[in-house]
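Student: Quick one, query_15.pdb (PDB, C-alpha atoms):
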```pdb
ATOM      1  CA  MET A 269      80.339  44.226  69.037
ATOM      2  CA  SER A 270      76.940  44.260  67.376
ATOM      3  CA  PRO A 271      76.563  46.156  64.097
ATOM      4  CA  PRO A 272      74.832  49.541  64.408
ATOM      5  CA  ALA A 273      71.250  49.988  63.342
ATOM      6  CA  GLU A 274      70.887  50.720  59.654
ATOM      7  CA  PRO A 275      70.467  54.452  58.980
ATOM      8  CA  ALA A 276      66.911  55.434  58.133
ATOM      9  CA  ARG A 277      65.929  55.595  54.469
ATOM     10  CA  PRO A 278      64.551  58.829  53.022
ATOM     11  CA  GLU A 279      60.876  59.478  53.660
ATOM     12  CA  GLY A 280      58.504  57.346  51.632
ATOM     13  CA  GLY A 281      61.080  54.567  51.127
ATOM     14  CA  ALA A 282      62.538  56.335  48.078
ATOM     15  CA  ARG A 283      65.767  55.121  46.584
ATOM     16  CA  SER A 284      68.752  56.479  48.490
ATOM     17  CA  VAL A 285      71.225  58.928  46.982
ATOM     18  CA  ILE A 286      73.973  56.314  46.860
ATOM     19  CA  GLU A 287      71.622  53.859  45.127
ATOM     20  CA  GLU A 288      70.978  56.425  42.402
ATOM     21  CA  VAL A 289      74.619  56.285  41.303
ATOM     22  CA  LEU A 290      75.384  52.658  42.211
ATOM     23  CA  PRO A 291      72.384  50.471  41.419
ATOM     24  CA  GLY A 292      72.972  46.844  42.284
ATOM     25  CA  VAL A 293      75.777  47.541  44.771
ATOM     26  CA  VAL A 294      75.279  47.490  48.538
ATOM     27  CA  GLY A 295      75.202  51.109  49.660
ATOM     28  CA  VAL A 296      74.407  52.621  53.062
ATOM     29  CA  GLU A 297      74.172  56.334  53.824
ATOM     30  CA  ALA A 298      73.443  58.637  56.751
ATOM     31  CA  PHE A 299      72.445  62.293  56.835
ATOM     32  CA  ALA A 300      73.077  62.677  60.565
ATOM     33  CA  ASP A 301      75.610  61.280  62.996
ATOM     34  CA  ASP A 302      74.472  58.545  65.353
ATOM     35  CA  PRO A 303      75.621  59.371  68.906
ATOM     36  CA  ALA A 304      75.273  55.679  69.819
ATOM     37  CA  ALA A 305      77.694  54.511  67.098
ATOM     38  CA  THR A 306      80.888  52.996  68.489
ATOM     39  CA  LEU A 307      84.352  52.163  67.244
ATOM     40  CA  PHE A 308      86.660  49.213  67.649
ATOM     41  CA  PRO A 309      89.687  49.898  69.893
ATOM     42  CA  GLU A 310      91.989  49.856  66.850
ATOM     43  CA  GLU A 311      89.901  52.600  65.250
ATOM     44  CA  GLU A 312      89.601  54.576  68.471
ATOM     45  CA  ALA A 313      93.391  54.628  68.750
ATOM     46  CA  LEU A 314      93.547  56.627  65.515
ATOM     47  CA  LEU A 315      91.487  59.466  66.988
ATOM     48  CA  THR A 316      93.408  60.385  70.115
ATOM     49  CA  ARG A 317      93.999  63.918  68.806
ATOM     50  CA  ALA A 318      90.991  64.226  66.522
ATOM     51  CA  VAL A 319      88.627  67.174  66.795
ATOM     52  CA  ASP A 320      84.925  66.475  67.309
ATOM     53  CA  LYS A 321      84.019  66.937  63.631
ATOM     54  CA  ARG A 322      86.628  64.408  62.524
ATOM     55  CA  ARG A 323      85.537  61.936  65.212
ATOM     56  CA  ARG A 324      81.874  62.146  64.210
ATOM     57  CA  GLU A 325      82.424  61.681  60.491
ATOM     58  CA  PHE A 326      84.963  58.881  61.053
ATOM     59  CA  THR A 327      82.592  57.044  63.390
ATOM     60  CA  THR A 328      79.413  57.414  61.339
ATOM     61  CA  VAL A 329      80.956  56.429  58.013
ATOM     62  CA  ARG A 330      82.301  53.270  59.661
ATOM     63  CA  ALA A 331      78.864  52.550  61.094
ATOM     64  CA  CYS A 332      77.608  52.768  57.493
ATOM     65  CA  ALA A 333      80.419  50.461  56.376
ATOM     66  CA  ARG A 334      79.621  47.817  58.974
ATOM     67  CA  THR A 335      75.942  47.945  58.081
ATOM     68  CA  ALA A 336      76.870  47.487  54.422
ATOM     69  CA  LEU A 337      79.156  44.558  55.234
ATOM     70  CA  GLY A 338      76.323  43.028  57.232
ATOM     71  CA  LYS A 339      74.166  43.138  54.108
ATOM     72  CA  LEU A 340      76.829  40.928  52.490
ATOM     73  CA  GLY A 341      76.498  38.515  55.404
ATOM     74  CA  LEU A 342      79.790  39.548  56.995
ATOM     75  CA  PRO A 343      80.439  40.311  60.681
ATOM     76  CA  PRO A 344      81.433  43.780  61.922
ATOM     77  CA  VAL A 345      85.188  44.386  61.760
ATOM     78  CA  PRO A 346      87.497  47.380  62.169
ATOM     79  CA  ILE A 347      87.861  49.451  59.005
ATOM     80  CA  LEU A 348      91.380  50.844  59.248
ATOM     81  CA  PRO A 349      93.170  53.152  56.802
ATOM     82  CA  GLY A 350      95.948  51.554  54.797
ATOM     83  CA  ALA A 351      98.296  52.945  52.166
ATOM     84  CA  ARG A 352      97.393  56.489  51.100
ATOM     85  CA  GLY A 353      94.466  56.345  53.527
ATOM     86  CA  ALA A 354      92.540  53.782  51.482
ATOM     87  CA  PRO A 355      90.330  51.653  53.760
ATOM     88  CA  ILE A 356      91.368  48.056  54.383
ATOM     89  CA  TRP A 357      88.387  45.816  53.657
ATOM     90  CA  PRO A 358      87.853  42.185  54.689
ATOM     91  CA  SER A 359      89.246  39.584  52.335
ATOM     92  CA  GLY A 360      87.101  39.198  49.231
ATOM     93  CA  VAL A 361      85.452  42.619  49.588
ATOM     94  CA  VAL A 362      85.888  45.880  47.698
ATOM     95  CA  GLY A 363      84.464  49.120  48.958
ATOM     96  CA  SER A 364      84.600  52.876  49.156
ATOM     97  CA  MET A 365      83.592  55.458  51.743
ATOM     98  CA  THR A 366      82.881  59.173  51.609
ATOM     99  CA  HIS A 367      81.795  61.938  53.933
ATOM    100  CA  CYS A 368      81.077  65.638  53.720
ATOM    101  CA  GLU A 369      79.035  68.075  55.741
ATOM    102  CA  GLY A 370      75.701  66.406  56.521
ATOM    103  CA  TYR A 371      76.359  63.187  54.622
ATOM    104  CA  ARG A 372      78.227  59.894  55.129
ATOM    105  CA  ALA A 373      78.092  56.888  52.806
ATOM    106  CA  CYS A 374      79.709  53.559  52.052
ATOM    107  CA  ALA A 375      79.422  51.112  49.155
ATOM    108  CA  VAL A 376      80.697  47.525  49.197
ATOM    109  CA  ALA A 377      80.616  44.486  46.936
ATOM    110  CA  ARG A 378      82.182  41.058  46.676
ATOM    111  CA  ARG A 379      85.436  41.001  44.725
ATOM    112  CA  THR A 380      84.112  38.165  42.572
ATOM    113  CA  GLU A 381      81.474  40.579  41.247
ATOM    114  CA  VAL A 382      83.221  43.966  41.299
ATOM    115  CA  LEU A 383      86.910  44.809  40.867
ATOM    116  CA  ALA A 384      86.860  48.282  42.382
ATOM    117  CA  LEU A 385      84.515  50.960  43.683
ATOM    118  CA  GLY A 386      84.949  54.688  44.048
ATOM    119  CA  ILE A 387      82.402  57.050  45.575
ATOM    120  CA  ASP A 388      82.559  60.690  46.582
ATOM    121  CA  ALA A 389      80.084  63.247  47.912
ATOM    122  CA  GLU A 390      80.493  67.011  47.988
ATOM    123  CA  PRO A 391      78.215  69.956  48.754
ATOM    124  CA  ASN A 392      76.515  71.257  45.617
ATOM    125  CA  GLY A 393      78.293  74.598  45.764
ATOM    126  CA  PRO A 394      81.213  76.285  43.996
ATOM    127  CA  LEU A 395      84.756  75.203  44.736
ATOM    128  CA  PRO A 396      86.813  77.628  46.834
ATOM    129  CA  ASP A 397      88.641  80.291  44.856
ATOM    130  CA  GLY A 398      91.730  78.994  43.091
ATOM    131  CA  VAL A 399      90.929  75.303  43.429
ATOM    132  CA  LEU A 400      89.483  74.750  39.960
ATOM    133  CA  ALA A 401      92.702  75.859  38.268
ATOM    134  CA  THR A 402      94.668  73.209  40.181
ATOM    135  CA  VAL A 403      92.315  70.280  39.508
ATOM    136  CA  SER A 404      91.309  70.831  35.876
ATOM    137  CA  ASP A 405      92.689  71.433  32.403
ATOM    138  CA  ALA A 406      91.561  73.973  29.826
ATOM    139  CA  ALA A 407      89.164  71.577  28.093
ATOM    140  CA  GLU A 408      87.479  70.716  31.387
ATOM    141  CA  ARG A 409      87.135  74.383  32.321
ATOM    142  CA  ALA A 410      85.522  75.011  28.935
ATOM    143  CA  TRP A 411      82.739  72.454  29.411
ATOM    144  CA  ILE A 412      82.265  73.543  33.011
ATOM    145  CA  ALA A 413      81.619  77.116  31.827
ATOM    146  CA  GLU A 414      79.278  75.931  29.076
ATOM    147  CA  LEU A 415      77.252  73.689  31.365
ATOM    148  CA  ALA A 416      77.119  76.343  34.084
ATOM    149  CA  ARG A 417      75.407  78.688  31.615
ATOM    150  CA  ALA A 418      72.984  75.964  30.524
ATOM    151  CA  ASP A 419      72.104  74.706  34.014
ATOM    152  CA  PRO A 420      73.315  76.776  36.978
ATOM    153  CA  ARG A 421      71.536  74.501  39.450
ATOM    154  CA  VAL A 422      74.535  72.138  39.325
ATOM    155  CA  SER A 423      77.957  73.207  40.580
ATOM    156  CA  TRP A 424      79.817  71.684  37.657
ATOM    157  CA  ASP A 425      83.235  72.562  39.040
ATOM    158  CA  ARG A 426      82.383  70.667  42.221
ATOM    159  CA  LEU A 427      81.097  67.755  40.150
ATOM    160  CA  LEU A 428      84.446  67.611  38.348
ATOM    161  CA  PHE A 429      86.290  67.603  41.663
ATOM    162  CA  SER A 430      84.049  64.868  43.061
ATOM    163  CA  ALA A 431      84.348  62.719  39.942
ATOM    164  CA  LYS A 432      88.144  62.916  40.075
ATOM    165  CA  GLU A 433      88.031  61.859  43.719
ATOM    166  CA  SER A 434      85.959  58.837  42.674
ATOM    167  CA  VAL A 435      88.461  58.114  39.894
ATOM    168  CA  TYR A 436      91.317  58.037  42.382
ATOM    169  CA  LYS A 437      89.397  55.804  44.793
ATOM    170  CA  ALA A 438      88.688  53.312  41.999
ATOM    171  CA  TRP A 439      92.246  53.532  40.600
ATOM    172  CA  PHE A 440      94.265  53.024  43.769
ATOM    173  CA  PRO A 441      93.024  49.509  44.696
ATOM    174  CA  LEU A 442      93.794  48.364  41.149
ATOM    175  CA  THR A 443      97.305  49.806  41.032
ATOM    176  CA  ARG A 444      98.451  50.797  44.549
ATOM    177  CA  ARG A 445      99.731  53.968  42.872
ATOM    178  CA  TRP A 446      99.054  57.658  43.344
ATOM    179  CA  LEU A 447      96.967  59.466  40.720
ATOM    180  CA  GLY A 448      96.961  63.238  40.558
ATOM    181  CA  PHE A 449      94.129  65.489  39.418
ATOM    182  CA  GLU A 450      96.187  66.240  36.315
ATOM    183  CA  ASP A 451      96.466  62.525  35.469
ATOM    184  CA  ALA A 452      92.855  62.183  34.343
ATOM    185  CA  THR A 453      90.728  64.310  32.061
ATOM    186  CA  LEU A 454      86.933  64.218  32.303
ATOM    187  CA  THR A 455      83.935  64.792  30.123
ATOM    188  CA  VAL A 456      80.354  64.842  31.392
ATOM    189  CA  ARG A 457      77.085  63.787  29.767
ATOM    190  CA  PRO A 458      74.413  65.833  31.540
ATOM    191  CA  ASP A 459      71.479  64.115  29.826
ATOM    192  CA  GLN A 460      72.634  60.660  30.983
ATOM    193  CA  ARG A 461      74.147  61.762  34.300
ATOM    194  CA  THR A 462      77.369  59.946  33.472
ATOM    195  CA  PHE A 463      80.991  60.961  33.083
ATOM    196  CA  GLU A 464      83.991  59.564  31.251
ATOM    197  CA  ALA A 465      87.495  59.724  32.719
ATOM    198  CA  ARG A 466      90.434  59.241  30.364
ATOM    199  CA  LEU A 467      93.622  58.374  32.215
ATOM    200  CA  LEU A 468      96.827  60.050  31.097
ATOM    201  CA  VAL A 469      99.143  57.558  32.803
ATOM    202  CA  ALA A 470      99.823  53.905  32.039
ATOM    203  CA  GLY A 471      97.898  51.331  34.045
ATOM    204  CA  PRO A 472      95.609  48.307  33.916
ATOM    205  CA  VAL A 473      92.772  50.478  32.598
ATOM    206  CA  SER A 474      92.762  53.441  30.241
ATOM    207  CA  GLY A 475      89.755  55.100  31.783
ATOM    208  CA  PHE A 476      86.559  54.825  33.791
ATOM    209  CA  THR A 477      82.886  55.450  33.240
ATOM    210  CA  GLY A 478      80.991  56.802  36.213
ATOM    211  CA  ARG A 479      77.594  58.063  37.273
ATOM    212  CA  TRP A 480      76.573  61.201  39.118
ATOM    213  CA  THR A 481      73.561  62.777  40.723
ATOM    214  CA  VAL A 482      72.594  66.012  42.436
ATOM    215  CA  SER A 483      70.231  65.485  45.338
ATOM    216  CA  ARG A 484      69.519  66.977  48.765
ATOM    217  CA  GLY A 485      72.143  69.664  48.344
ATOM    218  CA  LEU A 486      74.837  67.170  47.362
ATOM    219  CA  VAL A 487      76.852  66.229  44.318
ATOM    220  CA  VAL A 488      77.522  62.485  44.459
ATOM    221  CA  THR A 489      79.712  60.567  41.994
ATOM    222  CA  ALA A 490      80.530  56.890  41.702
ATOM    223  CA  ILE A 491      82.536  54.397  39.668
ATOM    224  CA  CYS A 492      81.981  50.641  39.619
ATOM    225  CA  VAL A 493      84.609  48.563  37.809
ATOM    226  CA  LEU A 494      83.310  45.155  36.728
ATOM    227  CA  PRO A 495      85.422  42.101  35.819
ATOM    228  CA  GLY A 496      86.216  41.640  32.169
TER     229      GLY A 496
END
```
Now, as a test, write the supplied structure out as structure tokens.
Tutor:
Amino acid sequence: MSPPAEPARPEGGARSVIEEVLPGVVGVEAFADDPAATLFPEEEALLTRAVDKRRREFTTVRACARTALGKLGLPPVPILPGARGAPIWPSGVVGSMTHCEGYRACAVARRTEVLALGIDAEPNGPLPDGVLATVSDAAERAWIAELARADPRVSWDRLLFSAKESVYKAWFPLTRRWLGFEDATLTVRPDQRTFEARLLVAGPVSGFTGRWTVSRGLVVTAICVLPG
């Protein structure tokens, strides 16, 4: 199977959203589903009962993944979910995928250069009622309220949620262990568009530093863990 055509870049050749938060890493994104995108039989077998929305996002994000792998000089392969749903990448590759309404993206790198990647995209809108209390602690809710007063253009509660999703996606490949929302506490630096995650459980790392952006109606967060 030939790799799908690379999704079009934003008008004017501007840097993509995923490149804003992961400079130097191969990232591919799409803002619309490609009806010509196809799946490997092994992937298709996972969608026998999937609704159309699930099928479209699953297919397009894998088209992004295969385009990204092609940029590393690798052939197209099935991207199947493994433990806890984490994608199984070709040997020597680390990567992360995300999708939300109107956006699909993938980032990949060679394991010799990057130990782990975590990306997440969410709509730049408030979390549903009741969700914030389950994914945050009191200190996080305090800075969310403060930043919301200072800059209401950013849904800071959604940014917290997205950043914790990126934390989990970076954590799991390093540990093969579950990490709950309560197992990491975050602080955000609005001026630098970065965040710090302090882990509250033992592991190979004590925390992560990530980047975030708000663009085209999205909140996008990313973590890149380098060797050493």
Student: Using all atoms listed in the file, which of A:Arg484, A:Arg466, A:Arg457, A:Arg330 sits nearest Gly363 of chain A?
Tutor: A:Arg330
Student: Need the shell around Asp459 of chain A: protein/DNA/RNA residues with any atom at most 12 Å away, counting only C-alpha atoms. Skip same-chain ones fewer than 5 positions apart. Format as a PyMOL selection string?
Tutor: chain A and resi 415+418-419+479-481
Student: Between A:Glu287, A:Glu312, A:Asp451, A:Asp302, which has the minimum distance to Ser404 of chain A (counting all atoms listed in the file)?
Tutor: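 Checking each candidate against Ser404 of chain A, we get A:Asp451 as the closest.
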Student: Please report the interatomic distance between atom CA of Tyr371 of chain A and atom CA of Phe299 of chain A in Å with one decimal.
Tutor: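 Straight-line distance from atom CA of Tyr371 of chain A to atom CA of Phe299 of chain A works out to 4.6 Å.
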Student: Do you know which residues the PyMOL selection byres ((chain A and resi 356) around 12) returns on this file, as a PDB file with C-alpha atoms, in the frame of the given file?
Tutor:
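Generated output (out_32.pdb):
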```pdb
ATOM      1  CA  GLU A 311      89.901  52.600  65.250  1.00  0.00           C
ATOM      2  CA  ARG A 330      82.301  53.270  59.661  1.00  0.00           C
ATOM      3  CA  ALA A 333      80.419  50.461  56.376  1.00  0.00           C
ATOM      4  CA  VAL A 345      85.188  44.386  61.760  1.00  0.00           C
ATOM      5  CA  PRO A 346      87.497  47.380  62.169  1.00  0.00           C
ATOM      6  CA  ILE A 347      87.861  49.451  59.005  1.00  0.00           C
ATOM      7  CA  LEU A 348      91.380  50.844  59.248  1.00  0.00           C
ATOM      8  CA  PRO A 349      93.170  53.152  56.802  1.00  0.00           C
ATOM      9  CA  GLY A 350      95.948  51.554  54.797  1.00  0.00           C
ATOM     10  CA  ALA A 351      98.296  52.945  52.166  1.00  0.00           C
ATOM     11  CA  ARG A 352      97.393  56.489  51.100  1.00  0.00           C
ATOM     12  CA  GLY A 353      94.466  56.345  53.527  1.00  0.00           C
ATOM     13  CA  ALA A 354      92.540  53.782  51.482  1.00  0.00           C
ATOM     14  CA  PRO A 355      90.330  51.653  53.760  1.00  0.00           C
ATOM     15  CA  TRP A 357      88.387  45.816  53.657  1.00  0.00           C
ATOM     16  CA  PRO A 358      87.853  42.185  54.689  1.00  0.00           C
ATOM     17  CA  SER A 359      89.246  39.584  52.335  1.00  0.00           C
ATOM     18  CA  GLY A 360      87.101  39.198  49.231  1.00  0.00           C
ATOM     19  CA  VAL A 361      85.452  42.619  49.588  1.00  0.00           C
ATOM     20  CA  VAL A 362      85.888  45.880  47.698  1.00  0.00           C
ATOM     21  CA  GLY A 363      84.464  49.120  48.958  1.00  0.00           C
ATOM     22  CA  SER A 364      84.600  52.876  49.156  1.00  0.00           C
ATOM     23  CA  MET A 365      83.592  55.458  51.743  1.00  0.00           C
ATOM     24  CA  VAL A 376      80.697  47.525  49.197  1.00  0.00           C
ATOM     25  CA  PRO A 441      93.024  49.509  44.696  1.00  0.00           C
TER      26      PRO A 441
END
```
Student: Within 10 Å of Cys368 of chain A, counting all atoms listed in the file, which residues show up once you throw out same-chain ones fewer than 3 positions away? Write them as a PyMOL selection string, please.
Tutor: chain A and resi 299+325+371-373+388-391+486
Student: In Å to one decimal, how far is atom CA of Val403 of chain A from atom CA of Phe429 of chain A?
Tutor: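 We find that atom CA of Phe429 of chain A and atom CA of Val403 of chain A lie 6.9 Å from each other.
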Student: Can you list what the PyMOL selection byres ((chain A and resi 378) around 12) grabs from this structure, as a PyMOL selection string?
Tutor: chain A and resi 292-294+336-337+339-342+357-363+375-377+379-385+492-495
Student: Using all atoms listed in the file, which residues sit within 8 Å of Glu297 of chain A once same-chain residues fewer than 4 positions away are excluded, as a PyMOL selection string?
Tutor: chain A and resi 275+284-286+329+332+371-374
Student: Measuring between all atoms listed in the file, which one of A:Thr327, A:Gln460, A:Thr306, A:Thr453 shows the shortest distance to His367 of chain A?
Tutor: A:Thr327
Student: Which distance in Å separates atom CA of Phe326 of chain A and atom CA of Ala305 of chain A, to one decimal?
Tutor: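 Taking atom CA of Phe326 of chain A as the start and atom CA of Ala305 of chain A as the end point, the length is 10.4 Å.
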Student: Between A:Ala438, A:Val488, A:Leu400, A:Val456, which has the minimum distance to Gly386 of chain A (counting only C-alpha atoms)?
Tutor: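 So, comparing all the options, the nearest one is A:Ala438.
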Student: Identify the residues around (79.4, 70.7, 32.4) within a radius of 10 Å, measuring from all atoms listed in the file in the coordinates stated by the file, and give them as a short mmCIF file (atom, residue, chain, number, x, y, z; two decimals) with C-alpha atoms, in the frame of the given file.
Tutor:
```
data_model
loop_
_atom_site.label_atom_id
_atom_site.label_comp_id
_atom_site.auth_asym_id
_atom_site.auth_seq_id
_atom_site.Cartn_x
_atom_site.Cartn_y
_atom_site.Cartn_z
CA GLU A 408 87.48 70.72 31.39
CA ARG A 409 87.14 74.38 32.32
CA ALA A 410 85.52 75.01 28.94
CA TRP A 411 82.74 72.45 29.41
CA ILE A 412 82.26 73.54 33.01
CA ALA A 413 81.62 77.12 31.83
CA GLU A 414 79.28 75.93 29.08
CA LEU A 415 77.25 73.69 31.36
CA ALA A 416 77.12 76.34 34.08
CA ARG A 417 75.41 78.69 31.62
CA ALA A 418 72.98 75.96 30.52
CA ASP A 419 72.10 74.71 34.01
CA PRO A 420 73.32 76.78 36.98
CA VAL A 422 74.54 72.14 39.33
CA SER A 423 77.96 73.21 40.58
CA TRP A 424 79.82 71.68 37.66
CA ASP A 425 83.24 72.56 39.04
CA LEU A 427 81.10 67.76 40.15
CA LEU A 428 84.45 67.61 38.35
CA LEU A 454 86.93 64.22 32.30
CA THR A 455 83.94 64.79 30.12
CA VAL A 456 80.35 64.84 31.39
CA ARG A 457 77.08 63.79 29.77
CA PRO A 458 74.41 65.83 31.54
CA PHE A 463 80.99 60.96 33.08
#
```
Student: Which is closest to Glu464 of chain A among A:Ile387, A:Gly295, A:Thr477, A:Pro343, if we use all atoms listed in the file?
Tutor: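 The answer is A:Thr477, which sits nearest to Glu464 of chain A.
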Student: Measuring between all atoms listed in the file, which one of A:Thr402, A:Ser483, A:Thr366, A:Thr462 shows the shortest distance to Arg421 of chain A?
Tutor: A:Ser483
